[in-house]
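Enquirer: model-v3.pdb is reproduced in full below (PDB, C-alpha atoms).
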```pdb
ATOM      1  CA  MET A   1      -0.702 112.946  28.162
ATOM      2  CA  THR A   2       2.172 111.101  26.512
ATOM      3  CA  PRO A   3       4.508 113.482  24.616
ATOM      4  CA  ASP A   4       4.828 112.938  20.905
ATOM      5  CA  PRO A   5       8.127 111.352  19.930
ATOM      6  CA  GLU A   6       8.551 113.802  17.115
ATOM      7  CA  GLU A   7       8.233 116.733  19.502
ATOM      8  CA  MET A   8      10.763 115.229  21.839
ATOM      9  CA  ARG A   9      13.292 114.996  18.997
ATOM     10  CA  VAL A  10      12.699 118.610  18.042
ATOM     11  CA  LEU A  11      13.180 119.806  21.678
ATOM     12  CA  ASP A  12      16.302 117.767  22.032
ATOM     13  CA  ALA A  13      17.691 119.237  18.831
ATOM     14  CA  LEU A  14      16.941 122.762  19.985
ATOM     15  CA  GLY A  15      18.670 122.172  23.299
ATOM     16  CA  ARG A  16      21.771 120.898  21.567
ATOM     17  CA  ALA A  17      21.763 123.805  19.127
ATOM     18  CA  VAL A  18      22.324 126.341  22.013
ATOM     19  CA  PRO A  19      26.080 126.799  22.693
ATOM     20  CA  GLN A  20      27.280 125.453  26.065
ATOM     21  CA  VAL A  21      28.635 128.402  28.116
ATOM     22  CA  ALA A  22      30.097 127.975  31.631
ATOM     23  CA  PRO A  23      28.306 130.212  34.148
ATOM     24  CA  PRO A  24      30.468 132.933  35.698
ATOM     25  CA  ALA A  25      31.793 132.460  39.216
ATOM     26  CA  SER A  26      29.859 135.498  40.493
ATOM     27  CA  LEU A  27      26.632 133.781  39.524
ATOM     28  CA  ARG A  28      27.540 130.809  41.653
ATOM     29  CA  ALA A  29      28.250 133.111  44.629
ATOM     30  CA  LYS A  30      24.910 134.879  44.212
ATOM     31  CA  VAL A  31      23.053 131.589  44.101
ATOM     32  CA  LEU A  32      24.726 130.393  47.281
ATOM     33  CA  ALA A  33      24.013 133.720  49.024
ATOM     34  CA  ALA A  34      20.339 133.513  48.022
ATOM     35  CA  ALA A  35      20.169 129.960  49.338
ATOM     36  CA  VAL A  36      21.285 131.005  52.840
ATOM     37  CA  ARG A  37      19.193 134.198  53.012
ATOM     38  CA  GLU A  38      15.973 134.067  55.138
ATOM     39  CA  PRO A  39      12.891 133.238  53.022
ATOM     40  CA  ILE A  40      10.371 135.984  52.305
ATOM     41  CA  GLU A  41       7.021 135.163  53.928
ATOM     42  CA  PRO A  42       3.981 135.891  51.763
ATOM     43  CA  ALA A  43       2.064 139.035  52.740
ATOM     44  CA  VAL A  44      -1.276 138.441  54.360
ATOM     45  CA  PRO A  45      -4.068 140.788  53.182
ATOM     46  CA  ALA A  46      -5.492 143.039  55.912
ATOM     47  CA  ASP A  47      -8.994 141.887  55.193
ATOM     48  CA  ALA A  48      -8.083 138.239  55.305
ATOM     49  CA  PRO A  49     -10.008 136.430  57.964
ATOM     50  CA  ALA A  50      -8.113 135.312  61.019
ATOM     51  CA  SER A  51      -7.328 131.749  60.703
ATOM     52  CA  ASP A  52      -6.914 129.120  63.267
ATOM     53  CA  PRO A  53      -3.375 128.856  64.415
ATOM     54  CA  ALA A  54      -3.681 125.189  64.113
ATOM     55  CA  SER A  55      -4.724 125.477  60.462
ATOM     56  CA  ALA A  56      -2.051 128.109  59.595
ATOM     57  CA  PRO A  57       0.422 126.937  57.045
ATOM     58  CA  VAL A  58       3.731 125.774  58.513
ATOM     59  CA  THR A  59       6.629 127.850  57.314
ATOM     60  CA  ALA A  60       9.690 125.782  56.482
ATOM     61  CA  PRO A  61      12.743 126.692  58.530
ATOM     62  CA  ALA A  62      15.364 128.752  56.852
ATOM     63  CA  PRO A  63      18.043 126.636  55.340
ATOM     64  CA  THR A  64      21.403 126.850  57.083
ATOM     65  CA  ALA A  65      24.650 127.346  55.347
ATOM     66  CA  PRO A  66      26.130 124.104  54.244
ATOM     67  CA  VAL A  67      28.988 122.983  56.379
ATOM     68  CA  PRO A  68      31.921 122.184  54.172
ATOM     69  CA  PHE A  69      33.279 118.752  54.786
ATOM     70  CA  PRO A  70      36.960 118.730  55.575
ATOM     71  CA  ALA A  71      39.145 116.980  53.185
ATOM     72  CA  ARG A  72      39.616 113.371  54.053
ATOM     73  CA  PRO A  73      43.016 113.046  55.509
ATOM     74  CA  THR A  74      45.313 110.807  53.763
ATOM     75  CA  ALA A  75      46.192 107.869  55.930
ATOM     76  CA  PRO A  76      49.929 107.876  56.632
ATOM     77  CA  ALA A  77      51.818 105.073  55.217
ATOM     78  CA  ILE A  78      52.426 102.419  57.799
ATOM     79  CA  VAL A  79      56.034 101.498  57.869
ATOM     80  CA  SER A  80      56.705  98.348  59.716
ATOM     81  CA  ALA A  81      59.446  99.035  62.271
ATOM     82  CA  PRO A  82      61.933  96.336  62.905
ATOM     83  CA  ALA A  83      61.294  94.367  66.026
ATOM     84  CA  PRO A  84      63.317  95.828  68.919
ATOM     85  CA  ALA A  85      66.311  93.777  69.794
ATOM     86  CA  SER A  86      66.292  92.089  73.147
ATOM     87  CA  ARG A  87      67.998  94.125  75.885
ATOM     88  CA  TRP A  88      68.944  91.131  77.990
ATOM     89  CA  PRO A  89      72.365  90.547  76.371
ATOM     90  CA  TRP A  90      73.282  94.204  76.927
ATOM     91  CA  LEU A  91      72.051  94.112  80.506
ATOM     92  CA  LEU A  92      73.989  90.928  81.196
ATOM     93  CA  ALA A  93      77.122  92.420  79.633
ATOM     94  CA  ALA A  94      76.771  95.613  81.670
ATOM     95  CA  ALA A  95      76.187  93.591  84.834
ATOM     96  CA  SER A  96      79.304  91.519  84.089
ATOM     97  CA  VAL A  97      81.391  94.657  83.595
ATOM     98  CA  LEU A  98      80.091  96.198  86.830
ATOM     99  CA  LEU A  99      80.725  92.958  88.685
ATOM    100  CA  ALA A 100      84.263  92.786  87.303
ATOM    101  CA  ILE A 101      84.914  96.414  88.255
ATOM    102  CA  GLY A 102      83.476  95.888  91.728
ATOM    103  CA  THR A 103      85.528  92.714  92.202
ATOM    104  CA  SER A 104      88.709  94.459  91.023
ATOM    105  CA  MET A 105      88.099  97.443  93.297
ATOM    106  CA  GLY A 106      87.331  95.128  96.184
ATOM    107  CA  TRP A 107      90.507  93.143  95.504
ATOM    108  CA  VAL A 108      92.609  96.315  95.288
ATOM    109  CA  SER A 109      91.013  97.611  98.488
ATOM    110  CA  ALA A 110      91.591  94.276 100.217
ATOM    111  CA  ARG A 111      95.242  94.214  99.113
ATOM    112  CA  GLY A 112      95.705  97.777 100.382
ATOM    113  CA  GLU A 113      94.095  96.837 103.692
ATOM    114  CA  ILE A 114      96.309  93.745 103.975
ATOM    115  CA  SER A 115      99.384  95.863 103.254
ATOM    116  CA  ARG A 116      98.350  98.361 105.934
ATOM    117  CA  LEU A 117      97.722  95.529 108.402
ATOM    118  CA  ARG A 118     101.132  94.038 107.661
ATOM    119  CA  THR A 119     102.762  97.430 108.191
ATOM    120  CA  THR A 120     100.863  97.868 111.452
ATOM    121  CA  ILE A 121     101.846  94.384 112.619
ATOM    122  CA  ALA A 122     105.500  95.062 111.745
ATOM    123  CA  GLU A 123     105.394  98.339 113.683
ATOM    124  CA  LEU A 124     103.756  96.616 116.649
ATOM    125  CA  ARG A 125     106.383  93.885 116.573
ATOM    126  CA  ALA A 126     109.165  96.477 116.438
ATOM    127  CA  SER A 127     107.554  98.356 119.309
ATOM    128  CA  ALA A 128     107.140  95.135 121.273
ATOM    129  CA  THR A 129     110.790  94.208 120.636
ATOM    130  CA  GLU A 130     111.927  97.658 121.728
ATOM    131  CA  PHE A 131     109.742  97.437 124.818
ATOM    132  CA  LEU A 132     111.135  94.009 125.650
ATOM    133  CA  ASN A 133     114.682  95.299 125.192
ATOM    134  CA  VAL A 134     113.992  98.272 127.441
ATOM    135  CA  ARG A 135     112.383  96.017 130.002
ATOM    136  CA  ALA A 136     115.317  93.606 129.844
ATOM    137  CA  GLU A 137     117.747  96.499 130.314
ATOM    138  CA  PHE A 138     115.688  97.770 133.216
ATOM    139  CA  ASP A 139     115.636  94.301 134.730
ATOM    140  CA  ARG A 140     119.412  94.021 134.322
ATOM    141  CA  GLU A 141     119.960  97.402 135.914
ATOM    142  CA  ARG A 142     117.662  96.501 138.768
ATOM    143  CA  SER A 143     119.399  93.194 139.184
ATOM    144  CA  ASP A 144     122.800  94.921 139.069
ATOM    145  CA  ARG A 145     121.714  97.452 141.688
ATOM    146  CA  GLU A 146     120.480  94.649 143.887
ATOM    147  CA  ARG A 147     123.817  92.809 143.471
ATOM    148  CA  VAL A 148     125.804  95.954 144.248
ATOM    149  CA  ILE A 149     123.757  96.558 147.376
ATOM    150  CA  ALA A 150     124.223  92.921 148.357
ATOM    151  CA  ILE A 151     128.012  93.165 147.887
ATOM    152  CA  LEU A 152     128.366  96.470 149.730
ATOM    153  CA  SER A 153     126.230  95.260 152.626
ATOM    154  CA  ALA A 154     127.836  91.826 152.874
ATOM    155  CA  GLY A 155     129.551  90.962 156.143
ATOM    156  CA  ASP A 156     132.682  89.641 154.415
ATOM    157  CA  VAL A 157     133.213  92.586 152.061
ATOM    158  CA  HIS A 158     136.754  93.972 151.525
ATOM    159  CA  SER A 159     137.592  97.116 149.583
ATOM    160  CA  ALA A 160     140.607  98.478 147.751
ATOM    161  CA  SER A 161     141.396 101.833 146.172
ATOM    162  CA  LEU A 162     143.110 101.988 142.780
ATOM    163  CA  GLY A 163     145.339 104.877 141.682
ATOM    164  CA  SER A 164     146.325 105.903 138.201
ATOM    165  CA  VAL A 165     149.503 104.749 136.560
ATOM    166  CA  ALA A 166     151.110 107.103 134.025
ATOM    167  CA  PRO A 167     149.926 108.096 131.492
ATOM    168  CA  ALA A 168     146.379 107.603 132.953
ATOM    169  CA  GLY A 169     146.659 110.897 134.813
ATOM    170  CA  ALA A 170     143.608 111.591 136.975
ATOM    171  CA  ALA A 171     142.003 108.148 136.633
ATOM    172  CA  ARG A 172     141.030 106.401 139.868
ATOM    173  CA  GLY A 173     138.925 103.482 140.952
ATOM    174  CA  HIS A 174     137.599 101.403 143.832
ATOM    175  CA  VAL A 175     136.930  97.668 144.264
ATOM    176  CA  TYR A 176     134.640  95.850 146.719
ATOM    177  CA  VAL A 177     135.125  92.115 147.095
ATOM    178  CA  SER A 178     132.788  89.719 148.932
ATOM    179  CA  ALA A 179     133.588  86.030 148.790
ATOM    180  CA  SER A 180     129.865  85.267 149.218
ATOM    181  CA  ARG A 181     128.374  87.987 147.005
ATOM    182  CA  GLY A 182     130.902  88.845 144.299
ATOM    183  CA  LEU A 183     133.034  91.736 143.091
ATOM    184  CA  PHE A 184     132.069  95.326 142.298
ATOM    185  CA  PHE A 185     134.449  97.742 140.553
ATOM    186  CA  ALA A 186     133.844 101.453 139.811
ATOM    187  CA  ALA A 187     136.169 103.929 138.083
ATOM    188  CA  GLU A 188     136.156 107.467 136.763
ATOM    189  CA  ALA A 189     138.272 109.770 134.586
ATOM    190  CA  LEU A 190     139.517 106.869 132.471
ATOM    191  CA  PRO A 191     141.168 108.088 129.240
ATOM    192  CA  PRO A 192     139.536 107.215 125.901
ATOM    193  CA  LEU A 193     140.743 104.021 124.240
ATOM    194  CA  PRO A 194     142.464 103.757 120.858
ATOM    195  CA  ALA A 195     140.628 101.850 118.132
ATOM    196  CA  GLY A 196     140.794  98.075 118.599
ATOM    197  CA  ARG A 197     141.678  98.269 122.296
ATOM    198  CA  THR A 198     139.734  97.602 125.504
ATOM    199  CA  TYR A 199     140.186  97.788 129.283
ATOM    200  CA  GLN A 200     140.499  94.543 131.256
ATOM    201  CA  LEU A 201     140.138  94.082 135.054
ATOM    202  CA  TRP A 202     142.449  91.714 136.965
ATOM    203  CA  THR A 203     142.989  90.371 140.460
ATOM    204  CA  ILE A 204     146.135  88.583 141.548
ATOM    205  CA  VAL A 205     145.397  85.458 143.614
ATOM    206  CA  ALA A 206     148.257  83.250 144.790
ATOM    207  CA  GLY A 207     150.548  85.045 142.351
ATOM    208  CA  GLN A 208     148.365  84.317 139.321
ATOM    209  CA  PRO A 209     146.250  86.854 137.339
ATOM    210  CA  VAL A 210     142.511  86.234 137.279
ATOM    211  CA  SER A 211     140.463  88.094 134.645
ATOM    212  CA  HIS A 212     137.190  89.658 135.748
ATOM    213  CA  GLY A 213     136.107  90.858 132.320
ATOM    214  CA  ILE A 214     136.617  93.612 129.769
ATOM    215  CA  PHE A 215     134.830  96.974 129.642
ATOM    216  CA  GLU A 216     134.758 100.357 127.896
ATOM    217  CA  PRO A 217     134.147 103.631 129.729
ATOM    218  CA  ALA A 218     131.355 106.038 128.977
ATOM    219  CA  GLY A 219     131.981 109.415 127.378
ATOM    220  CA  ASP A 220     132.737 110.985 130.764
ATOM    221  CA  GLY A 221     135.328 108.284 131.629
ATOM    222  CA  ARG A 222     133.116 106.421 134.106
ATOM    223  CA  ALA A 223     132.860 102.621 134.186
ATOM    224  CA  GLN A 224     131.461  99.855 136.383
ATOM    225  CA  VAL A 225     132.027  96.095 136.486
ATOM    226  CA  LEU A 226     130.124  93.383 138.350
ATOM    227  CA  ALA A 227     131.842  89.994 138.409
ATOM    228  CA  GLN A 228     132.260  86.765 140.287
ATOM    229  CA  ALA A 229     134.326  86.868 143.458
ATOM    230  CA  PRO A 230     138.008  85.916 143.053
ATOM    231  CA  PRO A 231     138.845  82.280 143.923
ATOM    232  CA  GLY A 232     140.968  83.250 146.934
ATOM    233  CA  ALA A 233     142.565  86.047 148.856
ATOM    234  CA  VAL A 234     143.306  89.030 146.662
ATOM    235  CA  GLN A 235     146.934  90.152 146.601
ATOM    236  CA  ALA A 236     146.566  93.007 144.063
ATOM    237  CA  ILE A 237     144.053  94.580 141.646
ATOM    238  CA  ALA A 238     144.870  96.140 138.261
ATOM    239  CA  VAL A 239     143.340  97.517 135.059
ATOM    240  CA  THR A 240     145.287  97.138 131.807
ATOM    241  CA  VAL A 241     144.809  98.131 128.163
ATOM    242  CA  GLU A 242     144.462  94.995 126.005
ATOM    243  CA  PRO A 243     143.450  94.024 122.476
ATOM    244  CA  ALA A 244     139.693  94.000 121.742
ATOM    245  CA  GLY A 245     138.112  90.834 123.118
ATOM    246  CA  GLY A 246     140.576  90.472 126.016
ATOM    247  CA  VAL A 247     143.469  88.134 126.702
ATOM    248  CA  PRO A 248     144.093  85.259 129.141
ATOM    249  CA  ALA A 249     146.964  87.094 130.869
ATOM    250  CA  PRO A 250     147.936  90.786 131.089
ATOM    251  CA  THR A 251     150.039  92.047 128.166
ATOM    252  CA  GLY A 252     149.329  95.788 127.949
ATOM    253  CA  ASP A 253     150.092  98.885 129.933
ATOM    254  CA  LYS A 254     148.690  99.246 133.410
ATOM    255  CA  VAL A 255     146.193 102.141 133.882
ATOM    256  CA  LEU A 256     145.026 101.498 137.482
ATOM    257  CA  LEU A 257     146.731  99.567 140.274
ATOM    258  CA  GLY A 258     145.801  98.939 143.938
ATOM    259  CA  LEU A 259     146.195  96.738 146.944
ATOM    260  CA  PRO A 260     143.389  95.483 149.163
ATOM    261  CA  ALA A 261     142.984  97.194 152.517
ATOM    262  CA  ALA A 262     144.134  95.322 155.561
ATOM    263  CA  ASN A 263     141.398  93.670 157.633
TER
END
```
Here is the file; what I need is its structure written in the form of C-alpha cells.
Expert:
Amino acid sequence: MTPDPEEMRVLDALGRAVPQVAPPASLRAKVLAAAVREPIEPAVPADAPASDPASAPVTAPAPTAPVPFPARPTAPAIVSAPAPASRWPWLLAAASVLLAIGTSMGWVSARGEISRLRTTIAELRASATEFLNVRAEFDRERSDRERVIAILSAGDVHSASLGSVAPAGAARGHVYVSASRGLFFAAEALPPLPAGRTYQLWTIVAGQPVSHGIFEPAGDGRAQVLAQAPPGAVQAIAVTVEPAGGVPAPTGDKVLLGLPAAN
C-alpha cells in the first residue's frame, strides 16, 4: 500500500516538532552491555512435542564484544638524510699519516742502529789497535830477549863493569860486547833525571866517542840498552847526562865509567 503524501508530511512535521535531546552516556553503556550479554532462549512448553533435532530452529551465536580498532598510527615524516660522504679520502689520509710515521720511526731507528754500529766499529778498531800495539811490544821484547841471549852466548863476547862517578852514588852497570852479535848494556840505581835531560851511552874506539843511543831509567833506576857493536876495539865505556835528544859528542857529567876486561 503506497502511503499518502499528505500523511507523510504530517509525520515528518511531528518528528521535527519533538525537541532533539542527546541521550545520556549511561544509556549508551547499557545498550552496549545488553549487546554483549548472552541472548535469552525462548522457553519451550512442557507439553510441546519433541521435535526433530534436524528441524529445530538454529540459535544464532551470541555476539562477541566488538574489538576496538587501534588508532591508525601516524606515519613519521620521512626526512631525507644527506648522502654519506665517501670515506676513501679519510682512509687515504690516515694511511698516508701512518706511512709517514712508520717511515720516520724506521729512519730514526735506522740512524740509531747506524750510530751504534759506528760506535762498535770504532771500539773494535781501538781494541784492534791496542792489541796490535801489545803484540808489537811483545814481539819487540821477544826479539830483544833473543838478541840478548845471542850476545851473551856469542863466542866473541867481551864484558865490562861500570862504576858510579860522583854524584851518581850507588849506580852501577855492565856491558857485553860481541863484534858479531852487538852490544848489551844493563844498569841499576841510576838517579832520576832533571827535566829536559837524558842519559847517553858511549864507547871510546881509537880515541873517538861512539854513541850507542839515549835512554831513561825506570822508576826503580833500572835501564837496558841494545845497540850495534862498536866499530872496533873498545877502549872505554861511559854514561853521561846530556840534553834531551842526545848529542854527537859527550858534553855532560859522567855518571858511569868502565874499562873492558882483559881477554
Enquirer: Can you list what the PyMOL selection byres ((chain A and resi 182) around 10) grabs from this structure, as a list in words?
Expert: Arg147, Val148, Ala150, Ile151, Leu152, Ala154, Val157, Tyr176, Val177, Ser178, Ala179, Ser180, Arg181, Leu183, Phe184, Leu226, Ala227, Gln228, Ala229 and Pro230 of chain A
Enquirer: Calculate how many Å separate CA of Leu190 in chain A from CA of His158 in chain A, rounding to one decimal.
Expert: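 It comes out at 23.2 Å.
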Enquirer: What is the distance between CA of Ile237 in chain A and CA of Tyr199 in chain A, in Å to one decimal?
Expert: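 The value is 13.3 Å.
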Enquirer: At a cut-off of 12 Å from (141.9, 100.4, 133.9) in the coordinates of the file, what residues are picked up using only C-alpha atoms, written as JSON, numbers by chain?
Expert: {"A": [162, 163, 164, 165, 166, 167, 168, 169, 170, 171, 172, 173, 174, 175, 185, 186, 187, 188, 189, 190, 191, 192, 193, 197, 198, 199, 200, 201, 202, 212, 213, 214, 215, 216, 217, 221, 222, 223, 224, 225, 237, 238, 239, 240, 241, 242, 250, 252, 253, 254, 255, 256, 257, 258]}
Enquirer: Excluding same-chain residues fewer than 2 positions from Gln208 in chain A, what lies within 12 Å of it counting all atoms listed in the file, as a ChimeraX atom specification?
Expert: /A:202-206,210-211,230-237,248-250
